[in-house]
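As structure tokens, the structure follows; a few thoughts come after it.
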4 protein chains.
Amino acid sequence: MKPNNDLESNSDRPRGFWSDNIAGVSPEVIAAVAACNAGQALPYGNDDLTRSLERRFADVFEHEVDVYLVSTGSAANGLALAAVTPPWGSVLSHADAHINRDECGAPEFYTAGAKLIQLPGKAAKIDLDALTVNATRMVGDVHSVQPSSVSITQATEVGSVYTLDEIGAISAICQSAKLALHMDGARFANALVALGCSPAQMTWKAGVDLVSFGATKNGTLGVDAVVSFRKDIASALAFRRKRAGQLSSKMRFMSAQMHAYLQDGLWLHNAAHANDMAKALARGLASIPGVEIQQVPEANILFCRLPMRLIRGLIDMGFGFYHDRWEPGIVRFVTSFSTTAEDVAELKRAAFDLVDSAGAISGVEV
Amino acid sequence: MKPNNDLESNSDRPRGFWSDNIAGVSPEVIAAVAACNAGQALPYGNDDLTRSLERRFADVFEHEVDVYLVSTGSAANGLALAAVTPPWGSVLSHADAHINRDECGAPEFYTAGAKLIQLPGKAAKIDLDALTVNATRMVGDVHSVQPSSVSITQATEVGSVYTLDEIGAISAICQSAKLALHMDGARFANALVALGCSPAQMTWKAGVDLVSFGATKNGTLGVDAVVSFRKDIASALAFRRKRAGQLSSKMRFMSAQMHAYLQDGLWLHNAAHANDMAKALARGLASIPGVEIQQVPEANILFCRLPMRLIRGLIDMGFGFYHDRWEPGIVRFVTSFSTTAEDVAELKRAAFDLVDSAGAISGVEV
Amino acid sequence: MKPNNDLESNSDRPRGFWSDNIAGVSPEVIAAVAACNAGQALPYGNDDLTRSLERRFADVFEHEVDVYLVSTGSAANGLALAAVTPPWGSVLSHADAHINRDECGAPEFYTAGAKLIQLPGKAAKIDLDALTVNATRMVGDVHSVQPSSVSITQATEVGSVYTLDEIGAISAICQSAKLALHMDGARFANALVALGCSPAQMTWKAGVDLVSFGATKNGTLGVDAVVSFRKDIASALAFRRKRAGQLSSKMRFMSAQMHAYLQDGLWLHNAAHANDMAKALARGLASIPGVEIQQVPEANILFCRLPMRLIRGLIDMGFGFYHDRWEPGIVRFVTSFSTTAEDVAELKRAAFDLVDSAGAISGVEV
Amino acid sequence: MKPNNDLESNSDRPRGFWSDNIAGVSPEVIAAVAACNAGQALPYGNDDLTRSLERRFADVFEHEVDVYLVSTGSAANGLALAAVTPPWGSVLSHADAHINRDECGAPEFYTAGAKLIQLPGKAAKIDLDALTVNATRMVGDVHSVQPSSVSITQATEVGSVYTLDEIGAISAICQSAKLALHMDGARFANALVALGCSPAQMTWKAGVDLVSFGATKNGTLGVDAVVSFRKDIASALAFRRKRAGQLSSKMRFMSAQMHAYLQDGLWLHNAAHANDMAKALARGLASIPGVEIQQVPEANILFCRLPMRLIRGLIDMGFGFYHDRWEPGIVRFVTSFSTTAEDVAELKRAAFDLVDSAGAISGVEV
């Protein structure tokens with residue numbers, strides 16, 4: 001038996017809004033990969049591109065950083081959490097966090113069995129009261145795992161974005177309780193442009209200790225990074241990365257992607273476009289009778305409630321999105337840097353036509 | 001403190017024989033990556049390129065296979081060994097095996113603490129007598145870890161290649177003792193062309209259960225695979241890969257590399273060239289006074305004994321290779337698909353000149 | 001910094017109802033330990049007492065069993081769960097389960113990082129609907145941990161007892177979803193006498209696969225056991241026990257305790273007495289004005305709501321119990337085989353006097 | 001399939017020299033256990049006996065200590081090593097160390113996959129040159145596990161004893177290389193009386209960081225301890241003990257044993273007697289023709305070479321010992337506090353008779 005990795009596809013040419021990971025790669029990234037294929041380079045990150053990358057990240061973040069490239073966001077999260085959570089520790093996160101729901105226990109694997117404590121909160125953001133209670137729960141009691149770190153997803157899994165004040169408030173609790181603060185930034189750029197602030201403001205200035213810096217969803221082939229502002233965990237991160245099979249031998253090809261991603265604001269441009277497309281889609285769908293927007297998208301994810309007939313109709317027409325993971329009628333649309341205004345317009349048009357024709361037959365059921 | 005990943009570089013333009021991982025990528029691989037960047041594709045291996053890849057591997061191996069792409073060889077080894085070794089099990093390998101010496105405990109991490117038992121043997125090949133003894137050592141004794149798997153590296157870390165008979169003999173011991181047989185094929189293609197046999201002959205027909213199928217050292221950007229001939233471990237491998245942060249979201253870009261690698265015999269062509277270069281280098285250096293070839297290279301690795309003055313001279317001239325990991329004077333040269341006849345000729349010429357001038361001064365010390 | 005293991009004590013002579021683990025040991029158990037101290041015995045369970053113990057358990061359970069003595073209940077739970085839950089699996093239990101709240105992540109340690117899924121349910125019993133949903137949640141989805149086992153505590157942490165029908169209903173869900181069913185029987189005997197059924201009826205006949213058979217709380221020095229009805233996990237349990245440092249060398253002294261515990265119904269007698277004392281305490285306290293019994297105790301645990309002044313008064317008089325782990329005013333009393341009718345009467349008398357005098361002053365606040 | 005825990009027994013009344021773990025318990029220990037069975041006591045080490053035990057150990061060791069009682073020596077070793085070895089670390093020990101050969105990978109389990117590096121050395125003592133080389137091997141190289149701790153067994157597995165100078169020399173290497181020094185003191189007392197020094201001299205004064213303090217082999221029912229001289233690992237040890245299922249609820253019964261063990265020099269008396277018996281046995285057997293003493297025993301273990309016919313004859317007469325774990329003819333005898341002078345005399349007499357009668361028949365083969 002091999003488990004199912006994912007999804008049904010019902011169209012030769014998907015017009016997909018499943019996730020930003022169905023997008024391809026920014027041409028600049030492909031070009032950079034091709035360009036660095038000249039001559040030899042020392043392996044395992046001893047090449048010039050990788051060496052200069054740490055400097056570049058330091059500039060981006062206005063802070064000395066240690067950077068560890070990895071091949072997936074789950075690896076970044078697992079490594080980061082293991083560096084700040086002992087096996088008998090707990091990671092506090094929102095119940096809907098990717099680390100809790102969608103990584104098949106990667107944090108538990110990397111930490112050698114730490115426990116994830118699920119906190120409630122609106123819009124997939126951690127509720128401060130719940131955090132306060134849990135941040136010091138059973139501290140010093142040998143019968144209980146010990147709160148060790150907090151992980152927030154920025155932007156969240158439902159497309160909301162923590163404000164700087166919200167991050168600061170969480171950080172204050174962390175500092176008071178001596179917990180490390182990790183940011184799962186699989187959609188870091190989307191959150192950043194939504195807030196219109198600097199990377200420094202959204203991270204260490206707000207009290208974040210280390211970041212899973214996502215790039216894959218926003219334009220690279222497959223490279224994310226742990227970016228750490230804490231020198232004391234550098235060694236642990238380096239050994240853990242190697243041990244996890246995440247130290248790439250031909251690392252220059254990962255670094256080349258990341259350089260291109262950060263060059264000339266590509267990452268911000270891509271994210272801003274994706275966010276705009278989500279807003280456009282929300283505006284478009286809001287005008288469709290029977291469609292209910294759950295929340296105006298702050299980043300590049302839109303949750304709506306759609307009539308079941310509309311869902312089925314869109315799928316039949318070749319549109320792709322998740323709709324069966326929440327209560328019936330709830331649909332998630334994700335846009336990306338490669339989503340076009342035409343894609344959005346097509347979807348809106350199709351929805352309008354479907355509702356219109358359905359409405360003609362039966363105004364009630366839809 | 002950040003640990004040192006590797007190497008000294010002492011030349012702006014390395015003319016390196018450190019390892020095959022300093023090479024770039026075959027142009028066909030870059031082209032394939034660029035070509036698959038059109039449109040969308042389902043993530044996590046549900047794209048067409050990945051789906052067809054398993055079929056292609058089945059054709060290559062003349063056997064149904066499960067294929068799990070990963071980003072590094074260490075990840076492939078860790079996953080494969082974890083699938084066939086319980087935490088209280090042991091993996092029997094040569095003491096010089098990469099899994100034992102060069103992966104910072106990745107197999108121990110992936111297996112949740114299994115033990116690697118180091119066996120002796122000439123030319124980095126497992127000695128059959130030692131294997132026989134250890135294959136059943138303390139079996140059923142609750143105080144001891146239990147022999148569970150054997151891992152052979154093909155080609156080995158010193159560039160030797162197990163013959164089909166040798167693999168068969170190891171496999172016979174494994175079957176008798178009910179041990180799984182894993183092949184670390186970081187240089188699978190190099191061994192294959194050295195033997196001139198089929199992939200099937202070198203693997204399942206010889207009793208191999210699962211393979212770490214290396215591609216990165218021989219022309220791809222960064223993709224290796226676990227190829228398993230055993231259906232019963234498919235599920236474990238799939239979940240473990242995800243959990244290890246090795247399930248790539250944009251997997252099509254990994255699959256595209258692997259398709260290009262296997263297309264029109266590119267992998268075999270690259271490996272044959274690398275092997276030829278190693279042989280040419282051996283021939284070239286053999287003619288240098290004071291140089292002693294340790295073993296005629298079967299794959300793409302050459303070990304020699306060189307006068308220290310020659311070692312230093314070559315380094316000063318910008319040649320790169322490992323020389324300080326074994327006894328003094330022992331040097332390892334590794335060639336790759338990108339090594340040119342001119343690279344080899346240059347090295348030979350430089351060595352000749354250095355010895356000649358040194359010999360003129362002092363014929364003794366060199 | 002050393003963490004705090006537990007409790008405040010505020011009396012030289014505790015009259016404690018904190019837990020059944022504050023009790024001493026049945027005299028028969030001490031006698032058995034002393035009696036087996038003649039001559040030599042083979043170590044690690046190869047002695048006659050241990051060998052005959054497995055036969056005795058088979059008789060008790062009317063089923064072939066494998067028995068693994070361990071030093072604590074947490075070790076029993078960890079071992080049992082690890083035998084039926086892969087690292088990428090999940091254990092479904094009630095949120096209040098001891099394995100989830102009170103073992104500092106022991107199940108996560110023993111399983112190498114499996115995930116505990118917390119289910120709701122009244123009286124610390126798993127809600128069937130929640131179980132049904134979670135038993136098959138995300139099955140086959142590589143992004144999610146896989147439901148692998150269910151653990152029920154019998155008697156539960158709040159002193160309730162699953163009926164045979166309830167166990168059967170849970171077991172039916174397990175069988176349908178192919179989950180193993182584990183029973184944390186830290187208070188196995190208390191539940192058994194409460195139900196008045198046979199060990200077989202409460203376990204394998206109801207679909208239980210393996211049991212953490214508690215004895216320490218009910219009269220032994222420190223020995224519990226994993227009792228398994230499934231032959232296929234015997235080997236894994238044996239190696240895991242050794243590896244966990246739980247294979248006692250002088251095991252005869254553990255087996256002697258367990259023999260004495262099972263001899264002539266001592267275990268049932270002890271449990272019945274403890275249960276009776278809890279019922280007597282409930283009756284006694286029910287008559288005190290202002291005291292509210294949460295649930296008539298089925299086993300040896302009683303939860304009540306008490307006026308805060310009464311709580312403080314009892315503590316001042318030297319009575320011991322937990323009261324600050326739940327909402328204010330909620331108190332837990334636990335009785336044991338060594339609790340006497342006089343202990344119960346004293347507590348009742350004290351409570352009565354305290355309320356009486358308090359009532360005289362202020363009938364309202366208490 | 002259940003693995004075999006151990007040994008053949010071929011006599012109703014074993015006259016065993018297999019190991020010191022076949023002995024019973026000192027009567028004082030039984031008496032102490034019985035004596036502490038009055039009244040209630042707070043659980044998990046909050047009882048008076050446990051609290052005063054740490055003070056007692058501090059007196060014994062003339063140093064502040066943290067003490068963690070556990071049920072087996074393997075648990076003590078696993079806990080201790082995990083406290084000073086990260087998952088990517090290595091433990092350097094002699095190849096014959098119990099932690100390496102006889103614990104089914106317990107250190108790997110407790111450390112989450114650290115690697116044990118096996119060093120050579122005469123008489124099961126670590127060779128200093130080998131230690132020096134390995135103590136700094138690949139330090140800072142991310143591809144390799146990092147030397148983190150050294151574990152020495154005192155007395156060793158073959159009955160030899162490190163001198164204070166030898167321990168000091170090892171400690172000097174550890175300090176220079178920043179490695180923690182652990183002492184597996186399963187036979188701590190035997191070594192101590194052999195050296196005739198103080199516990200302080202044999203441990204922290206010689207540079208030892210933490211000790212697995214064995215008591216079970218020398219007179220208790222089943223209790224050993226981690227004794228740590230380093231405050232910085234106290235917290236980790238406490239949580240790891242709980243998590244490993246090694247925090248006993250009725251700990252007073254373990255503490256009572258340990259108090260009795262340390263009271264009035266019982267532990268030293270027991271060990272001295274065991275050592276004397278081993279010496280007596282060596283003297284006795286040395287006089288038997290054909291018997292070759294491998295080394296005059298320093299502690300309570302004696303290795304000899306015996307004619308095969310003599311081995312078989314002794315076994316036939318009901319004597320028990322290990323003889324098939326090393327090369328043919330090598331026999332291990334272990335004495336204990338309960339070995340009597342008569343036991344030793346009987347064995348000598350039997351050996352003498354067997355050789356005599358065999359010699360009469362055939363002087364050659366024996």
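For the structure tokens, the naming scheme is as follows: chains receive sequential letters (A, B, ...) according to their order of presentation, residues are indexed from 1 within each chain, and ligands are indexed from 1 in presentation order.
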I need the residues in stretch 11-164 of chain A that are strand (DSSP E) according to DSSP; give them as a list in words.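 DSSP on the backbone gives strand (DSSP E) at Arg15, Gly16, Asp66, Val67, Tyr68, Leu69, Val70, Gly89, Ser90, Val91, Leu92, Ser93, His94, Lys115, Leu116, Ile117, Gln118, Leu119, Gln146, Pro147, Ser148, Ser149, Val150, Ser151, Ile152 and Thr153 of chain A.
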Do me a favour and pick out the residues of chain D within 7 Å of chain A, using only C-alpha atoms, as a VMD selection string. chain D and resid 88 112 142 to 143 238 to 239 242
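Residues surrounding stretch 184-199 of chain B within 7 Å are Val60, Phe61, Gly73, Asn77, Ser151, Ile152, Thr153, Gln154, Ala155, Val161, Val211, Ser212, Phe213, Gly214, Trp267, Leu268, Ala271, Ala272, Asn275, Glu298, Ala299 and Asn300 of chain B [only C-alpha atoms; sequence separation below 5 positions excluded].
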Keeping N, CA and C atoms, export the residues of the selection given above as a CSV table (one decimal), in the first residue's frame.
```
chain,number,residue,atom,x,y,z
B,60,VAL,N,13.8,0.7,-16.5
B,60,VAL,CA,15.2,0.7,-16.3
B,60,VAL,C,15.6,-0.6,-15.5
B,61,PHE,N,14.8,-0.9,-14.5
B,61,PHE,CA,15.2,-2.0,-13.6
B,61,PHE,C,14.5,-3.3,-14.0
B,73,GLY,N,21.8,12.2,-0.9
B,73,GLY,CA,22.1,10.8,-0.8
B,73,GLY,C,21.9,10.4,0.7
B,77,ASN,N,19.7,7.3,2.0
B,77,ASN,CA,20.3,6.2,2.8
B,77,ASN,C,19.5,6.1,4.2
B,151,SER,N,24.3,-2.9,4.3
B,151,SER,CA,24.4,-1.9,3.4
B,151,SER,C,25.7,-1.9,2.7
B,152,ILE,N,25.7,-2.1,1.4
B,152,ILE,CA,26.9,-2.0,0.6
B,152,ILE,C,26.9,-0.8,-0.3
B,153,THR,N,28.1,-0.2,-0.5
B,153,THR,CA,28.2,1.0,-1.3
B,153,THR,C,28.7,0.5,-2.7
B,154,GLN,N,28.0,0.9,-3.7
B,154,GLN,CA,28.4,0.5,-5.1
B,154,GLN,C,28.3,1.7,-6.0
B,155,ALA,N,29.4,2.2,-6.6
B,155,ALA,CA,30.8,1.8,-6.3
B,155,ALA,C,31.2,2.3,-4.9
B,161,VAL,N,34.6,-1.7,-7.1
B,161,VAL,CA,33.2,-2.1,-7.5
B,161,VAL,C,33.0,-3.5,-7.2
B,211,VAL,N,17.6,0.4,-3.1
B,211,VAL,CA,18.8,1.1,-3.6
B,211,VAL,C,18.6,2.6,-3.3
B,212,SER,N,19.7,3.2,-2.8
B,212,SER,CA,19.8,4.7,-2.8
B,212,SER,C,20.4,5.0,-4.2
B,213,PHE,N,19.5,5.5,-5.1
B,213,PHE,CA,19.9,5.7,-6.4
B,213,PHE,C,20.5,7.1,-6.6
B,214,GLY,N,21.8,7.2,-6.7
B,214,GLY,CA,22.4,8.6,-6.7
B,214,GLY,C,22.3,9.1,-8.2
B,267,TRP,N,22.9,9.2,-18.2
B,267,TRP,CA,23.5,8.8,-16.9
B,267,TRP,C,24.6,7.8,-17.2
B,268,LEU,N,24.5,6.9,-18.2
B,268,LEU,CA,25.5,6.0,-18.4
B,268,LEU,C,26.7,6.6,-19.2
B,271,ALA,N,28.7,8.6,-16.6
B,271,ALA,CA,29.4,7.8,-15.7
B,271,ALA,C,30.6,7.2,-16.5
B,272,ALA,N,30.4,6.7,-17.7
B,272,ALA,CA,31.5,6.1,-18.5
B,272,ALA,C,32.6,7.1,-18.7
B,275,ASN,N,34.5,7.6,-15.4
B,275,ASN,CA,35.4,6.4,-15.2
B,275,ASN,C,36.6,6.5,-16.1
B,298,GLU,N,38.4,1.4,-10.8
B,298,GLU,CA,37.3,0.7,-11.5
B,298,GLU,C,36.2,1.7,-11.8
B,299,ALA,N,36.0,2.6,-10.9
B,299,ALA,CA,35.0,3.6,-11.2
B,299,ALA,C,35.7,5.0,-11.4
B,300,ASN,N,35.2,6.0,-10.7
B,300,ASN,CA,35.8,7.4,-10.9
B,300,ASN,C,36.6,7.9,-9.7
```
Which residues in stretch 67-258 of chain C does DSSP call helix (DSSP H, G or I)? List them as a PyMOL selection string. chain C and resi 73-84+98-101+106-110+122-124+128-135+164-177+188-195+199-202+204-206+216-218+231-243+252-258
Just want the 8 Å neighbourhood of B:Ile30, counted on only C-alpha atoms, with same-chain residues fewer than 5 positions away dropped. Output as a PyMOL selection string. (chain A and resi 33-34) or (chain B and resi 25+257)
So that I can check the surroundings of C:Thr50, please list as a PyMOL selection string every protein, DNA and RNA residue that reaches within 12 Å of it, counting only C-alpha atoms and ignoring chain neighbours fewer than 3 positions away. (chain C and resi 36+41-47+53-57+66-69+225+248-259) or (chain D and resi 5)
Mind dumping the selected residues with N, CA, C and O atoms as a CSV table (one decimal), in the first residue's frame?
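As written to disk, selection_24.csv reads:
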```csv
chain,number,residue,atom,x,y,z
C,36,CYS,N,11.6,-14.9,48.7
C,36,CYS,CA,12.4,-15.4,47.5
C,36,CYS,C,13.8,-15.0,47.6
C,36,CYS,O,14.6,-15.2,46.7
C,41,ALA,N,19.3,-17.2,41.7
C,41,ALA,CA,18.3,-17.3,40.6
C,41,ALA,C,18.9,-16.7,39.4
C,41,ALA,O,19.6,-15.7,39.4
C,42,LEU,N,18.6,-17.4,38.3
C,42,LEU,CA,19.1,-16.8,37.0
C,42,LEU,C,18.5,-15.4,36.8
C,42,LEU,O,17.3,-15.2,37.2
C,43,PRO,N,19.2,-14.6,36.2
C,43,PRO,CA,18.8,-13.2,36.0
C,43,PRO,C,17.9,-12.9,34.8
C,43,PRO,O,17.6,-13.8,34.0
C,44,TYR,N,17.4,-11.7,34.7
C,44,TYR,CA,16.7,-11.2,33.5
C,44,TYR,C,15.4,-12.0,33.2
C,44,TYR,O,15.1,-12.2,32.1
C,45,GLY,N,14.8,-12.6,34.2
C,45,GLY,CA,13.6,-13.3,34.0
C,45,GLY,C,13.7,-14.8,33.7
C,45,GLY,O,12.7,-15.4,33.4
C,46,ASN,N,14.9,-15.3,33.8
C,46,ASN,CA,15.1,-16.7,33.6
C,46,ASN,C,14.9,-17.6,34.9
C,46,ASN,O,15.2,-18.7,34.9
C,47,ASP,N,14.5,-16.9,35.9
C,47,ASP,CA,14.2,-17.6,37.1
C,47,ASP,C,12.9,-18.3,37.1
C,47,ASP,O,12.0,-18.0,36.3
C,53,LEU,N,5.2,-17.0,36.2
C,53,LEU,CA,4.3,-15.9,36.2
C,53,LEU,C,3.5,-15.8,35.0
C,53,LEU,O,2.3,-15.4,35.0
C,54,GLU,N,4.1,-16.0,33.9
C,54,GLU,CA,3.4,-15.9,32.6
C,54,GLU,C,2.3,-17.0,32.6
C,54,GLU,O,1.2,-16.7,32.1
C,55,ARG,N,2.5,-18.1,33.1
C,55,ARG,CA,1.5,-19.2,33.2
C,55,ARG,C,0.3,-18.6,34.1
C,55,ARG,O,-0.9,-18.8,33.8
C,56,ARG,N,0.7,-18.0,35.2
C,56,ARG,CA,-0.3,-17.5,36.1
C,56,ARG,C,-1.2,-16.4,35.4
C,56,ARG,O,-2.4,-16.4,35.6
C,57,PHE,N,-0.5,-15.6,34.7
C,57,PHE,CA,-1.3,-14.5,34.0
C,57,PHE,C,-2.2,-15.2,32.9
C,57,PHE,O,-3.3,-14.7,32.7
C,66,ASP,N,1.7,-12.7,26.7
C,66,ASP,CA,3.1,-12.4,26.9
C,66,ASP,C,3.1,-11.3,28.0
C,66,ASP,O,2.4,-10.4,27.9
C,67,VAL,N,4.0,-11.5,29.0
C,67,VAL,CA,4.0,-10.6,30.1
C,67,VAL,C,5.4,-10.0,30.2
C,67,VAL,O,6.4,-10.7,30.2
C,68,TYR,N,5.4,-8.7,30.4
C,68,TYR,CA,6.7,-7.9,30.5
C,68,TYR,C,6.6,-7.1,31.7
C,68,TYR,O,5.9,-6.0,31.7
C,69,LEU,N,7.3,-7.5,32.8
C,69,LEU,CA,7.4,-6.7,34.0
C,69,LEU,C,8.2,-5.4,33.8
C,69,LEU,O,9.2,-5.5,33.2
C,225,ALA,N,3.1,-4.3,34.7
C,225,ALA,CA,3.4,-5.3,33.6
C,225,ALA,C,2.6,-4.9,32.3
C,225,ALA,O,1.5,-4.3,32.3
C,248,SER,N,14.8,-6.0,34.3
C,248,SER,CA,15.4,-6.0,35.6
C,248,SER,C,16.3,-7.3,35.7
C,248,SER,O,16.0,-8.4,35.2
C,249,SER,N,17.5,-7.1,36.3
C,249,SER,CA,18.4,-8.3,36.4
C,249,SER,C,17.9,-9.2,37.5
C,249,SER,O,17.7,-10.4,37.2
C,250,LYS,N,17.6,-8.7,38.6
C,250,LYS,CA,17.1,-9.6,39.7
C,250,LYS,C,15.5,-9.6,39.6
C,250,LYS,O,14.8,-9.2,40.5
C,251,MET,N,15.1,-10.1,38.5
C,251,MET,CA,13.6,-10.0,38.2
C,251,MET,C,12.8,-10.8,39.1
C,251,MET,O,11.6,-10.5,39.3
C,252,ARG,N,13.4,-11.8,39.8
C,252,ARG,CA,12.6,-12.6,40.6
C,252,ARG,C,11.9,-11.8,41.7
C,252,ARG,O,10.8,-12.2,42.2
C,253,PHE,N,12.6,-10.7,42.1
C,253,PHE,CA,12.0,-9.9,43.2
C,253,PHE,C,10.8,-9.1,42.7
C,253,PHE,O,9.9,-8.8,43.5
C,254,MET,N,10.7,-8.9,41.4
C,254,MET,CA,9.5,-8.3,40.9
C,254,MET,C,8.4,-9.3,40.7
C,254,MET,O,7.2,-9.1,41.0
C,255,SER,N,8.8,-10.5,40.2
C,255,SER,CA,7.9,-11.6,40.0
C,255,SER,C,7.3,-12.0,41.3
C,255,SER,O,6.1,-12.4,41.4
C,256,ALA,N,8.1,-12.0,42.3
C,256,ALA,CA,7.6,-12.5,43.6
C,256,ALA,C,6.4,-11.5,44.1
C,256,ALA,O,5.4,-12.0,44.6
C,257,GLN,N,6.6,-10.2,43.9
C,257,GLN,CA,5.6,-9.3,44.2
C,257,GLN,C,4.3,-9.6,43.5
C,257,GLN,O,3.2,-9.5,44.0
C,258,MET,N,4.5,-9.8,42.2
C,258,MET,CA,3.3,-10.0,41.3
C,258,MET,C,2.6,-11.3,41.7
C,258,MET,O,1.4,-11.4,41.6
C,259,HIS,N,3.4,-12.3,42.0
C,259,HIS,CA,2.7,-13.6,42.4
C,259,HIS,C,1.9,-13.3,43.7
C,259,HIS,O,0.7,-13.8,43.7
D,5,ASN,N,16.0,-14.4,26.7
D,5,ASN,CA,16.7,-13.4,27.6
D,5,ASN,C,18.1,-13.9,28.0
D,5,ASN,O,19.0,-13.1,28.1
```
What does the structure give for the distance between atom CA of C:Ala274 and atom CA of C:Thr339, in Å to one decimal? 6.8 Å
Can you pull out the residues contacting A:Leu281? Cut-off 9 Å, using only C-alpha atoms, and skip same-chain residues under 3 positions away; I want them as a PyMOL selection string. chain A and resi 276-278+284-286+302+333+335+341+344-345+347-348
With N, CA and C atoms retained, write the just-selected residues as a CSV table (one decimal), in the first residue's frame.
```
chain,number,residue,atom,x,y,z
A,276,ASP,N,-2.6,40.6,-4.5
A,276,ASP,CA,-3.5,41.4,-5.3
A,276,ASP,C,-4.5,40.4,-6.0
A,277,MET,N,-4.0,39.3,-6.5
A,277,MET,CA,-4.9,38.4,-7.2
A,277,MET,C,-6.0,37.9,-6.2
A,278,ALA,N,-5.5,37.6,-5.0
A,278,ALA,CA,-6.5,37.1,-4.0
A,278,ALA,C,-7.6,38.1,-3.7
A,284,GLY,N,-14.3,39.8,-6.9
A,284,GLY,CA,-15.1,39.2,-8.0
A,284,GLY,C,-16.2,38.2,-7.5
A,285,LEU,N,-15.8,37.4,-6.5
A,285,LEU,CA,-16.7,36.4,-6.0
A,285,LEU,C,-17.8,37.0,-5.1
A,286,ALA,N,-17.4,38.1,-4.5
A,286,ALA,CA,-18.4,38.7,-3.6
A,286,ALA,C,-19.6,39.2,-4.3
A,302,LEU,N,-7.8,32.8,0.1
A,302,LEU,CA,-9.2,33.2,0.3
A,302,LEU,C,-10.1,32.1,0.7
A,333,PHE,N,-9.3,29.2,-1.9
A,333,PHE,CA,-8.6,29.5,-3.1
A,333,PHE,C,-7.3,30.1,-2.8
A,335,THR,N,-3.9,32.0,-4.5
A,335,THR,CA,-3.3,32.6,-5.7
A,335,THR,C,-1.8,32.6,-5.5
A,341,ALA,N,-4.5,37.9,-14.0
A,341,ALA,CA,-5.8,38.6,-13.9
A,341,ALA,C,-6.8,37.9,-14.7
A,344,VAL,N,-8.3,35.0,-12.8
A,344,VAL,CA,-9.3,35.4,-11.9
A,344,VAL,C,-10.6,35.8,-12.6
A,345,ALA,N,-10.4,36.5,-13.7
A,345,ALA,CA,-11.6,36.9,-14.4
A,345,ALA,C,-12.4,35.7,-14.9
A,347,LEU,N,-12.5,32.7,-13.6
A,347,LEU,CA,-13.2,32.0,-12.5
A,347,LEU,C,-14.4,32.8,-12.2
A,348,LYS,N,-14.3,34.1,-12.1
A,348,LYS,CA,-15.5,34.9,-11.7
A,348,LYS,C,-16.6,34.7,-12.8
```
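Between atom CA of A:Lys205 and atom CA of A:Gln175 there is a distance of 13.1 Å.
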